[in-house]
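Structure, as structure tokens:
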Amino acid sequence: MQVMQQSVSAQRIAQRIEELAACSTTVRGVTRLSFTKESETANELVSQWMREAGMIVRRDELGNLIGRYEGTQPDAPALLIGSHLDSVVEAGKYDGILGVLSGIEVVQTLHEHQYRPRHPIEVIGFCDEEGTRFHTTLLGSKALSGDLRAEDLQAKDEQGITVAAAMQELGLEPSRYHLAARDPKTILGYIELHIEQGPVLEQEMQACGAVSGIAGAARYHFRVEGNAGHAGTVPISMRKDALVGTSEMILAMEKAAQKYQNLVVTVGKLSVAPGASNVIPGVVEGTLDIRHIEDQTKKMALADILEECRRILARRGLVGEFSQIMDSPAVACSQRFINEIETVLAESGMKPIQIVSGAGHDAMAVASITDIGMIFVRCRDGVSHHPDEFVTVADMQAGASVLLNVVLRLT
Ligand SMILES: [Zn+2]
């Protein structure tokens with residue numbers, strides 16, 4: 001096994017990353033939205049590399065790219081290794097891509113050593129994880145897990161083109177999407193390698209870590225109403241300033257979040273009306289995003305925050321309302337897979353670090369039909385969704401080696 005470990009070629013991954021990065025509509029960063037000319041070119045490249053790695057390549061009914069490497073026992077359930085091929089606007093080169101290319105690299109290494117595991121291995125490039133073009137999310141992986149609904153394909157892009165129409169344009173038949181769903185009996189489990197998108201591994205000075213689970217997230221829209229008025233004539237004590245009230249609410253949210261370990265709260269969007277330099281803000285609308293790995297903790301923190309916000313609003317004579325936009329439960333990685341990843345980390349001289357993923361991944365959708373495991377790879381300054389996203393070749397080497405050894409243990 002030692003020989004195999006050393007022959008994972010991060011140079012090959014790095015070179016392929018550059019080739020894929022060129023499949024982009026923008027010069028700055030990578031912009032590769034789903035069901036576009038650029039995503040088709042990327043698919044062709046990835047298909048070619050999958051074939052080079054000894055895999056039989058097919059495209060499922062939704063457009064996910066799947067390479068299969070048969071095991072010695074072809075009817076045994078397959079281990080799936082996946083991540084996504086789409087990107088956000090002006091993204092980095094590694095998000096999603098690194099997981100797909102590391103999977104191909106692992107299989108190519110087995111193939112070059114003429115090694116066949118007992119279980120088949122499938123490497124999957126999901127077509128729409130970021131969902132930037134249609135404001136969707138996890139379309140590809142939801143199709144695979146059977147959780148996609150027909151109405152999801154009616155989502156429209158900025159030009160009014162639906163997912164279904166964009167699929168048809170590329171020769172896919174949207175009405176057949178349900179055929180992309182996999183029978184759980186044919187799957188051994190799902191492993192995803194992904195850049196961390198956070199600073200933990202960098203702080204721990206380690207190339208990779210195991211993911212314990214993916215945090216649940218809830219999102220709210222809020223509206224705070226006070227009284228607009230002249231900025232010069234209304235005394236401070238007589239004002240009902242919606243923005244000052246909202247500011248106090250945001251500080252209270254931060255304070256509440258600090259009471260719970262690993263809870264994160266973000267107000268990422270605010271609009272102020274009427275929005276003039278000489279008018280007291282009358283109405284503020286915004287969003288609240290709250291995440292935690294335990295759904296119960298998230299719920300308790302949310303109740304705390306909403307109660308505190310109500311108190312602030314009442315004291316200031318403001319009227320506020322919160323409406324939930326989204327609530328997705330946390331997803332745990334399988335303990336068996338965490339153990340395997342930690343064993344491989346220890347064998348490679350690394351600490352058994354466990355990280356909660358604050359970001360969503362394809363693994364979340366796949367978790368509804370099979371056990372999932374995730375490996376995080378360090379990225380510089382924890383930056384992602386930005387052209388500055390960066391992973392060293394040495395870290396890619398470490399990540400692919402860990403993946404290879406985990407795959408060998410599982411198959
Ligand atoms: Zn990603």
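Residues in the structure tokens are numbered from 1 in each chain, the chains being A, B, ... in the order shown, and ligands are numbered from 1 in the order shown.
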
Enumerate, in order of chain and increasing residue number, the residues of region 120-152 of chain A with an atom no farther than 12 Å from region 45-55 of chain A, each with its shortest atom pair and distance in Å to one decimal, counting only C-alpha atoms, as a tab-separated table.
residue	atom	partner	partner_atom	distance
A:Pro120	CA	A:Met55	CA	10.2
A:Ile121	CA	A:Met55	CA	9.0
A:Glu122	CA	A:Met55	CA	8.3
A:Val123	CA	A:Met50	CA	8.2
A:Ile124	CA	A:Met50	CA	9.9
A:Gly125	CA	A:Val46	CA	8.3
A:Phe126	CA	A:Val46	CA	11.5

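Environment of ligand 1, defined as every protein or nucleic acid residue with an atom within 8 Å of it and counting only C-alpha atoms and all ligand atoms, comprises Ser83, His84, Ser87, Asp95, Gly96, Ile97, Glu129, Glu130, His194, Ile195, Gly360, His361 and Asp362 of chain A.
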
Export N, CA, C and O atoms of the chosen residues as a PDB file, in the first residue's frame?
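Now in out-v1.pdb:
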ATOM      1  N   SER A  83     -18.113  15.306  -5.857  1.00  0.00           N
ATOM      2  CA  SER A  83     -18.200  16.725  -5.516  1.00  0.00           C
ATOM      3  C   SER A  83     -18.723  17.420  -6.772  1.00  0.00           C
ATOM      4  O   SER A  83     -19.150  16.728  -7.700  1.00  0.00           O
ATOM      5  N   HIS A  84     -18.672  18.747  -6.821  1.00  0.00           N
ATOM      6  CA  HIS A  84     -19.352  19.424  -7.929  1.00  0.00           C
ATOM      7  C   HIS A  84     -18.423  20.083  -8.938  1.00  0.00           C
ATOM      8  O   HIS A  84     -17.291  20.439  -8.617  1.00  0.00           O
ATOM      9  N   SER A  87     -19.629  26.357 -10.449  1.00  0.00           N
ATOM     10  CA  SER A  87     -18.988  27.339  -9.563  1.00  0.00           C
ATOM     11  C   SER A  87     -19.923  28.522  -9.326  1.00  0.00           C
ATOM     12  O   SER A  87     -20.953  28.641  -9.982  1.00  0.00           O
ATOM     13  N   ASP A  95     -12.789  24.814  -5.332  1.00  0.00           N
ATOM     14  CA  ASP A  95     -14.066  24.478  -4.704  1.00  0.00           C
ATOM     15  C   ASP A  95     -14.822  23.472  -5.574  1.00  0.00           C
ATOM     16  O   ASP A  95     -15.189  23.794  -6.704  1.00  0.00           O
ATOM     17  N   GLY A  96     -15.059  22.281  -5.053  1.00  0.00           N
ATOM     18  CA  GLY A  96     -15.782  21.252  -5.811  1.00  0.00           C
ATOM     19  C   GLY A  96     -14.846  20.438  -6.691  1.00  0.00           C
ATOM     20  O   GLY A  96     -14.729  19.222  -6.542  1.00  0.00           O
ATOM     21  N   ILE A  97     -14.145  21.147  -7.571  1.00  0.00           N
ATOM     22  CA  ILE A  97     -13.241  20.522  -8.535  1.00  0.00           C
ATOM     23  C   ILE A  97     -12.219  19.601  -7.861  1.00  0.00           C
ATOM     24  O   ILE A  97     -11.956  18.497  -8.331  1.00  0.00           O
ATOM     25  N   GLU A 129     -24.347  22.281  -7.824  1.00  0.00           N
ATOM     26  CA  GLU A 129     -24.325  22.324  -6.358  1.00  0.00           C
ATOM     27  C   GLU A 129     -24.518  23.752  -5.887  1.00  0.00           C
ATOM     28  O   GLU A 129     -25.331  24.044  -5.037  1.00  0.00           O
ATOM     29  N   GLU A 130     -23.722  24.658  -6.451  1.00  0.00           N
ATOM     30  CA  GLU A 130     -23.781  26.067  -6.032  1.00  0.00           C
ATOM     31  C   GLU A 130     -25.141  26.664  -6.383  1.00  0.00           C
ATOM     32  O   GLU A 130     -25.670  27.487  -5.645  1.00  0.00           O
ATOM     33  N   HIS A 194     -13.181  18.023  -0.009  1.00  0.00           N
ATOM     34  CA  HIS A 194     -13.523  19.407  -0.359  1.00  0.00           C
ATOM     35  C   HIS A 194     -12.557  20.341   0.354  1.00  0.00           C
ATOM     36  O   HIS A 194     -12.046  20.001   1.416  1.00  0.00           O
ATOM     37  N   ILE A 195     -12.333  21.507  -0.226  1.00  0.00           N
ATOM     38  CA  ILE A 195     -11.523  22.499   0.506  1.00  0.00           C
ATOM     39  C   ILE A 195     -12.318  22.925   1.740  1.00  0.00           C
ATOM     40  O   ILE A 195     -13.554  22.929   1.726  1.00  0.00           O
ATOM     41  N   GLY A 360     -22.781  24.145   3.103  1.00  0.00           N
ATOM     42  CA  GLY A 360     -23.482  22.971   2.587  1.00  0.00           C
ATOM     43  C   GLY A 360     -22.649  22.290   1.505  1.00  0.00           C
ATOM     44  O   GLY A 360     -21.804  22.931   0.872  1.00  0.00           O
ATOM     45  N   HIS A 361     -22.860  21.000   1.308  1.00  0.00           N
ATOM     46  CA  HIS A 361     -22.133  20.245   0.278  1.00  0.00           C
ATOM     47  C   HIS A 361     -23.062  19.189  -0.310  1.00  0.00           C
ATOM     48  O   HIS A 361     -24.072  18.847   0.295  1.00  0.00           O
ATOM     49  N   ASP A 362     -22.662  18.628  -1.467  1.00  0.00           N
ATOM     50  CA  ASP A 362     -23.457  17.562  -2.081  1.00  0.00           C
ATOM     51  C   ASP A 362     -23.703  16.415  -1.106  1.00  0.00           C
ATOM     52  O   ASP A 362     -24.749  15.764  -1.158  1.00  0.00           O
TER      53      ASP A 362
END

Requested in this report: Go through A:Lys93, A:Arg116, A:Arg68, A:Arg59 one by one, measure the shortest atom-to-atom distance of each to Asn43 (chain A) using only C-alpha atoms, and give the residue with the smallest value.
Outcome: A:Arg59

Requested in this report: Using backbone DSSP assignments, extract all strand (DSSP E) residues from region 166-354 of chain A; output them as a ChimeraX atom specification.
Outcome: /A:187-195,208-214,216-225,229-230,264-266,270-273,279-280,283-292,319-328,331-332,354

**Report entry** alpha helix (DSSP H) residues, from DSSP on the backbone, in region 66-139 of chain A, as an MDAnalysis selection string
**Finding:** chainID A and resid 97:112 139

Restrict the selected residues to N, CA and C atoms and save them as a compact mmCIF listing (two decimals), in the first residue's frame.
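Writing done, so here's selection-v7.txt:
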# COMPACT_ATOMS: atom_id res chain seq x y z
N ILE A 97 -14.15 21.15 -7.57
CA ILE A 97 -13.24 20.52 -8.53
C ILE A 97 -12.22 19.60 -7.86
N LEU A 98 -11.63 20.09 -6.76
CA LEU A 98 -10.58 19.31 -6.10
C LEU A 98 -11.10 17.93 -5.68
N GLY A 99 -12.35 17.87 -5.23
CA GLY A 99 -12.93 16.59 -4.81
C GLY A 99 -13.09 15.63 -5.97
N VAL A 100 -13.56 16.16 -7.12
CA VAL A 100 -13.77 15.31 -8.30
C VAL A 100 -12.41 14.82 -8.82
N LEU A 101 -11.46 15.75 -8.93
CA LEU A 101 -10.15 15.38 -9.48
C LEU A 101 -9.37 14.45 -8.54
N SER A 102 -9.53 14.64 -7.23
CA SER A 102 -8.85 13.73 -6.29
C SER A 102 -9.45 12.33 -6.42
N GLY A 103 -10.75 12.24 -6.62
CA GLY A 103 -11.41 10.94 -6.82
C GLY A 103 -10.87 10.26 -8.07
N ILE A 104 -10.75 11.02 -9.15
CA ILE A 104 -10.21 10.45 -10.40
C ILE A 104 -8.77 10.02 -10.18
N GLU A 105 -8.00 10.84 -9.46
CA GLU A 105 -6.59 10.53 -9.21
C GLU A 105 -6.45 9.21 -8.43
N VAL A 106 -7.35 9.03 -7.44
CA VAL A 106 -7.32 7.80 -6.65
C VAL A 106 -7.55 6.59 -7.56
N VAL A 107 -8.58 6.69 -8.42
CA VAL A 107 -8.89 5.56 -9.31
C VAL A 107 -7.76 5.35 -10.32
N GLN A 108 -7.23 6.45 -10.83
CA GLN A 108 -6.14 6.32 -11.80
C GLN A 108 -4.93 5.63 -11.17
N THR A 109 -4.68 5.91 -9.90
CA THR A 109 -3.57 5.26 -9.19
C THR A 109 -3.82 3.75 -9.07
N LEU A 110 -5.06 3.40 -8.72
CA LEU A 110 -5.40 1.96 -8.64
C LEU A 110 -5.21 1.32 -10.01
N HIS A 111 -5.72 2.00 -11.04
CA HIS A 111 -5.67 1.50 -12.41
C HIS A 111 -4.22 1.30 -12.85
N GLU A 112 -3.37 2.27 -12.57
CA GLU A 112 -1.96 2.18 -12.97
C GLU A 112 -1.23 1.04 -12.25
N LEU A 139 -28.97 20.58 -6.96
CA LEU A 139 -29.86 19.90 -7.93
C LEU A 139 -29.32 18.53 -8.33

Report task. Pick out the residues sitting within 9 Å of region 24-29 of chain A, and hand them over as a list in words; count only C-alpha atoms, and ignore anything fewer than 4 positions along from it in its own chain. Result -> Leu20, Leu33, Glu38, Ser39, Val89, Glu90, Ala91, Gly92, Lys93, His386, Pro387 and Asp388 of chain A

Query - Distance criterion (only C-alpha atoms): nearest to Arg336 (chain A) out of A:Ile280, A:Ser212, A:Arg32, A:Ile369 - result: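 Using only C-alpha atoms, Arg336 (chain A) sits closest to A:Ser212.
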
Query raised in the report: Which is closer to Tyr177 (chain A) than all the others in A:Pro274, A:Pro235, A:Gly63, A:Gly358, using only C-alpha atoms?
Result: A:Gly63

Query - Spatial neighbours of region 247-253 of chain A, 12 Å, only C-alpha atoms, chain gap at least 3 places, as JSON, numbers by chain - result: {"A": [222, 223, 224, 241, 242, 243, 244, 256, 257, 258, 259, 260, 263, 264, 265, 266, 267, 268, 269, 270, 272, 281, 284, 285, 286, 287, 288, 289, 290, 301, 302, 303, 304, 305, 306, 307, 308, 309, 310, 311, 312, 313, 314, 315, 316, 318, 320]}

Query raised in the report: For Gly317 (chain A), which residue out of A:Thr31, A:Ser384, A:Asn227, A:Ser145 is the nearest one, using only C-alpha atoms?
Result: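 Ranked by minimum distance to Gly317 (chain A), first place goes to A:Asn227.
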
Query raised in the report: Which neighbours of Gly209 (chain A) fall inside 7 Å, counting only C-alpha atoms, when residues of the same chain fewer than 3 positions from it are skipped, and could you give them as number ranges by chain?
Result: A: 352-355, 375-377

Would you mind exporting N, CA and C atoms of the selected residues as a tab-separated table (two decimals), in the first residue's frame?
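In the end it all went to again-v1.tsv:
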chain	number	residue	atom	x	y	z
A	352	PRO	N	-5.92	13.65	14.59
A	352	PRO	CA	-7.31	13.35	14.20
A	352	PRO	C	-8.23	14.54	14.41
A	353	ILE	N	-8.09	15.55	13.58
A	353	ILE	CA	-8.90	16.77	13.74
A	353	ILE	C	-10.29	16.56	13.14
A	354	GLN	N	-11.32	16.95	13.90
A	354	GLN	CA	-12.68	16.90	13.38
A	354	GLN	C	-13.22	18.31	13.24
A	355	ILE	N	-13.79	18.59	12.08
A	355	ILE	CA	-14.29	19.94	11.81
A	355	ILE	C	-15.77	19.87	11.44
A	375	ILE	N	-13.68	14.63	3.78
A	375	ILE	CA	-12.31	15.01	4.12
A	375	ILE	C	-12.14	16.48	3.72
A	376	PHE	N	-11.67	17.30	4.65
A	376	PHE	CA	-11.40	18.70	4.31
A	376	PHE	C	-9.92	18.88	4.05
A	377	VAL	N	-9.61	19.72	3.06
A	377	VAL	CA	-8.22	20.07	2.75
A	377	VAL	C	-8.03	21.57	3.01

**Report entry** Residue with smallest distance to Tyr115 (chain A) - pool A:Glu70, A:Lys185, A:Arg378, A:Leu201, counting only C-alpha atoms
**Finding:**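 With only C-alpha atoms as the atom set, the closest residue is A:Glu70.
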
Report summary line: The distance between CA of Gln11 (chain A) and CA of Glu196 (chain A) is 20.3 Å

Might you pull out every residue within 12 Å of Gly229 (chain A), with only C-alpha atoms counted and same-chain residues fewer than 4 positions away left off, and present them as a short mmCIF file (atom, residue, chain, number, x, y, z; two decimals) with C-alpha atoms, in the first residue's frame?
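around31.cif, written as the output of this step:
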data_model
loop_
_atom_site.label_atom_id
_atom_site.label_comp_id
_atom_site.auth_asym_id
_atom_site.auth_seq_id
_atom_site.Cartn_x
_atom_site.Cartn_y
_atom_site.Cartn_z
CA THR A 233 -35.45 68.57 13.55
CA VAL A 234 -36.46 65.45 15.50
CA PRO A 235 -34.63 65.25 18.85
CA ILE A 236 -32.81 61.96 19.56
CA MET A 238 -38.19 61.40 20.37
CA ARG A 239 -37.04 59.22 17.49
CA LYS A 240 -38.12 55.75 16.41
CA ASP A 241 -35.08 55.03 14.27
CA ALA A 242 -35.47 51.63 12.60
CA ALA A 273 -35.59 53.12 3.64
CA PRO A 274 -36.10 55.82 2.66
CA GLY A 275 -32.31 55.78 2.39
CA ALA A 276 -31.38 59.44 2.34
CA SER A 277 -28.58 61.11 4.29
CA ASN A 278 -30.92 63.65 5.86
CA VAL A 279 -33.83 61.33 6.72
CA ILE A 280 -34.18 59.15 9.85
CA PRO A 281 -34.45 55.49 8.72
CA GLY A 282 -38.12 54.50 8.82
CA VAL A 283 -37.92 50.89 7.67
#

Give me the residues of region 141-230 of chain A that have any atom at most 12 Å from an atom of region 338-343 of chain A; for each, the nearest atom pair and the distance in Å, rounded to one decimal. Use only C-alpha atoms, sort by chain and number, and format it as a tab-separated table.
residue	atom	partner	partner_atom	distance
A:Ile191	CA	A:Ile341	CA	10.2
A:Glu192	CA	A:Ile341	CA	11.5
A:Leu193	CA	A:Ile341	CA	11.1
A:Cys208	CA	A:Ile341	CA	9.9
A:Gly209	CA	A:Glu342	CA	7.8
A:Ala210	CA	A:Ile341	CA	6.2
A:Val211	CA	A:Ile338	CA	7.2
A:Ser212	CA	A:Ile338	CA	6.9
A:Gly213	CA	A:Ile338	CA	9.6

Query raised in the report: Could you name the residues that touch region 325-332 of chain A at 9 Å or less, counting only C-alpha atoms, but leaving out those on the same chain fewer than 6 positions away, as a PyMOL selection string?
Result: chain A and resi 211-221+291-295+363-364+367+372-373
